[in-house]
Amino acid sequence: MEQTLSIIKPDAVKKGVIGQIVSRFESNGLRVAAMKKLQLSDADAGEFYAVHKERPFFGELVEFMTSGPVVVMVLEGEDAVAKNRELMGATNPKEAEAGTIRADFAESIDANAVHGSDSLENAQIEINFFFAQREIV
Ligand code: CMP
């Protein structure tokens, strides 16, 4: 059993597809162990994406992630990290396989609907960034 962090990004929240995205996870064996909606500050987004600080897209990434509320979730299940990434599709929606969340709901590499942890180690760090242990059930 693994846990991973999922973020429904501002573009997907604005579109009103939170339910449709959660449904993709639930119907593919991922259980929602924790969930909340929040507005990220510049400091929150900068810290969460600190690994990308030197990348040319960092400023736009922080601007986009603070452009409206997000929904953060802990997803739990067998091979949860890999399964979540498979369901999301490629980072760039133009390269995402048909039927994936990004192919169906994302507009661009910035407004790409969802984020998912890329490894078990990062999943734990990202989960701890957003959730206290008592919020994960
Ligand atoms: P995410 O999985 O949230 O991780 C970092 C985000 O940076 C990524 O999704 C994209 O939305 C965004 N991004 C913008 N430009 C790029 C790029 N050239 N390569 C990777 N990620 C990018």
# chains A, B, ... in the order shown; residues from 1 in each chain; ligands from 1
>>> residues_around(residues="A:Ala132", least_positions_apart="4", cutoff="12 Å", atoms="only C-alpha atoms", output="VMD selection string")
chain A and resid 34 to 36 74 124 to 128 136 to 137
>>> select_by_dssp(residues="chain A", states="alpha helix (DSSP H)", output="PyMOL selection string")
chain A and resi 10-15+18-26+42-48+58-65+80-88+101-105+120-130
>>> residues_near_ligand(ligand="ligand 1", cutoff="12 Å", atoms="only C-alpha atoms and all ligand atoms", output="PyMOL selection string")
chain A and resi 5-11+45-46+48-65+70+72+84-85+88-93+102+106-119+122+126
>>> write_last_selection(atoms="C-alpha atoms", output="PDB file, in the first residue's frame")
ATOM      1  CA  LEU A   5      -0.062  13.554  -3.070  1.00  0.00           C
ATOM      2  CA  SER A   6      -2.425  14.862  -5.728  1.00  0.00           C
ATOM      3  CA  ILE A   7      -3.250  18.520  -6.428  1.00  0.00           C
ATOM      4  CA  ILE A   8      -6.212  19.571  -8.548  1.00  0.00           C
ATOM      5  CA  LYS A   9      -4.819  22.821  -9.949  1.00  0.00           C
ATOM      6  CA  PRO A  10      -6.623  26.216 -10.286  1.00  0.00           C
ATOM      7  CA  ASP A  11      -7.610  25.637 -13.949  1.00  0.00           C
ATOM      8  CA  ALA A  45       3.775  27.666  -3.924  1.00  0.00           C
ATOM      9  CA  GLY A  46       7.438  28.737  -3.919  1.00  0.00           C
ATOM     10  CA  PHE A  48       6.263  23.452  -2.547  1.00  0.00           C
ATOM     11  CA  TYR A  49       7.988  23.814  -5.950  1.00  0.00           C
ATOM     12  CA  ALA A  50      11.414  24.816  -4.510  1.00  0.00           C
ATOM     13  CA  VAL A  51      13.031  22.032  -6.554  1.00  0.00           C
ATOM     14  CA  HIS A  52      12.120  24.022  -9.715  1.00  0.00           C
ATOM     15  CA  LYS A  53      13.449  27.383  -8.400  1.00  0.00           C
ATOM     16  CA  GLU A  54      16.192  27.659 -11.008  1.00  0.00           C
ATOM     17  CA  ARG A  55      13.969  26.626 -13.943  1.00  0.00           C
ATOM     18  CA  PRO A  56      12.877  29.360 -16.394  1.00  0.00           C
ATOM     19  CA  PHE A  57       9.189  28.567 -15.780  1.00  0.00           C
ATOM     20  CA  PHE A  58       9.351  28.948 -11.968  1.00  0.00           C
ATOM     21  CA  GLY A  59       7.794  32.450 -11.865  1.00  0.00           C
ATOM     22  CA  GLU A  60       4.896  31.445 -14.110  1.00  0.00           C
ATOM     23  CA  LEU A  61       4.400  28.248 -12.140  1.00  0.00           C
ATOM     24  CA  VAL A  62       4.039  30.144  -8.847  1.00  0.00           C
ATOM     25  CA  GLU A  63       1.784  32.742 -10.496  1.00  0.00           C
ATOM     26  CA  PHE A  64      -0.447  30.042 -11.937  1.00  0.00           C
ATOM     27  CA  MET A  65      -0.631  27.929  -8.775  1.00  0.00           C
ATOM     28  CA  VAL A  70      -6.558  24.210  -5.399  1.00  0.00           C
ATOM     29  CA  VAL A  72      -5.005  18.778  -2.316  1.00  0.00           C
ATOM     30  CA  ASN A  84      -1.674   8.362 -10.147  1.00  0.00           C
ATOM     31  CA  ARG A  85       0.933   9.375 -12.746  1.00  0.00           C
ATOM     32  CA  MET A  88      -2.731  11.969 -15.030  1.00  0.00           C
ATOM     33  CA  GLY A  89      -0.860  11.469 -18.328  1.00  0.00           C
ATOM     34  CA  ALA A  90       2.189  13.425 -19.550  1.00  0.00           C
ATOM     35  CA  THR A  91       3.005  16.841 -18.019  1.00  0.00           C
ATOM     36  CA  ASN A  92       2.377  18.482 -21.387  1.00  0.00           C
ATOM     37  CA  PRO A  93      -1.272  17.743 -22.265  1.00  0.00           C
ATOM     38  CA  ARG A 102      -4.526  15.889 -18.645  1.00  0.00           C
ATOM     39  CA  ALA A 106      -5.754  20.326 -19.307  1.00  0.00           C
ATOM     40  CA  GLU A 107      -5.097  23.314 -21.584  1.00  0.00           C
ATOM     41  CA  SER A 108      -1.321  23.775 -21.537  1.00  0.00           C
ATOM     42  CA  ILE A 109       1.878  22.708 -19.770  1.00  0.00           C
ATOM     43  CA  ASP A 110       1.185  25.400 -17.118  1.00  0.00           C
ATOM     44  CA  ALA A 111      -2.564  24.887 -16.794  1.00  0.00           C
ATOM     45  CA  ASN A 112      -2.231  21.117 -16.707  1.00  0.00           C
ATOM     46  CA  ALA A 113      -5.101  20.290 -14.319  1.00  0.00           C
ATOM     47  CA  VAL A 114      -3.264  18.109 -11.794  1.00  0.00           C
ATOM     48  CA  HIS A 115       0.006  17.517  -9.993  1.00  0.00           C
ATOM     49  CA  GLY A 116       1.139  14.153  -8.658  1.00  0.00           C
ATOM     50  CA  SER A 117       4.209  13.141  -6.652  1.00  0.00           C
ATOM     51  CA  ASP A 118       6.946  11.668  -8.848  1.00  0.00           C
ATOM     52  CA  SER A 119       8.402   9.197  -6.301  1.00  0.00           C
ATOM     53  CA  ASN A 122       8.744  12.933  -2.657  1.00  0.00           C
ATOM     54  CA  GLU A 126       4.671  16.573  -0.256  1.00  0.00           C
TER      55      GLU A 126
END
>>> atom_distance(atom1="atom CA of A:Arg31", atom2="atom CA of A:Asp44")
25.6 Å
>>> select_by_dssp(residues="chain A", states="strand (DSSP E)", output="PyMOL selection string")
chain A and resi 2-8+31-38+70-77+114-116
>>> write_last_selection(atoms="C-alpha atoms", output="compact mmCIF listing (two decimals), in the first residue's frame")
# COMPACT_ATOMS: atom_id res chain seq x y z
CA GLU A 2 1.38 3.43 -0.98
CA GLN A 3 0.29 7.02 -0.44
CA THR A 4 0.83 9.86 -2.90
CA LEU A 5 -0.06 13.55 -3.07
CA SER A 6 -2.42 14.86 -5.73
CA ILE A 7 -3.25 18.52 -6.43
CA ILE A 8 -6.21 19.57 -8.55
CA ARG A 31 -8.84 5.87 -2.15
CA VAL A 32 -9.03 9.48 -0.90
CA ALA A 33 -7.33 9.34 2.52
CA ALA A 34 -7.28 13.14 3.01
CA MET A 35 -8.66 16.13 1.11
CA LYS A 36 -8.90 19.92 1.43
CA LYS A 37 -9.44 23.02 -0.72
CA LEU A 38 -7.15 25.98 -0.16
CA VAL A 70 -6.56 24.21 -5.40
CA VAL A 71 -7.72 20.88 -3.96
CA VAL A 72 -5.01 18.78 -2.32
CA MET A 73 -5.48 15.08 -1.62
CA VAL A 74 -3.67 12.08 -0.23
CA LEU A 75 -4.43 9.11 -2.48
CA GLU A 76 -3.86 5.63 -1.15
CA GLY A 77 -3.67 2.27 -2.91
CA VAL A 114 -3.26 18.11 -11.79
CA HIS A 115 0.01 17.52 -9.99
CA GLY A 116 1.14 14.15 -8.66
>>> closest_residue(among="A:Glu95, A:Ile18, A:Glu47, A:Met1", to="A:Asp79", atoms="only C-alpha atoms")
A:Met1
>>> closest_residue(among="A:Pro69, A:Ala123, A:Leu87, A:Ala43", to="A:Ser23", atoms="only C-alpha atoms")
A:Leu87
>>> residues_around(residues="A:Thr66", least_positions_apart="6", cutoff="7 Å", atoms="only C-alpha atoms", output="MDAnalysis selection string")
chainID A and resid 39:42
>>> write_last_selection(atoms="C-alpha atoms", output="PDB file, in the first residue's frame")
ATOM      1  CA  GLN A  39      -5.711  29.138  -1.703  1.00  0.00           C
ATOM      2  CA  LEU A  40      -1.910  28.898  -1.919  1.00  0.00           C
ATOM      3  CA  SER A  41       0.164  31.996  -1.102  1.00  0.00           C
ATOM      4  CA  ASP A  42       3.297  32.898  -3.116  1.00  0.00           C
TER       5      ASP A  42
END
>>> closest_residue(among="A:Ala12, A:Phe105, A:Gly29, A:Ile21", to="A:Gly68", atoms="only C-alpha atoms")
A:Ala12
>>> atom_distance(atom1="atom CA of A:Ile101", atom2="atom CA of A:Arg24")
7.9 Å
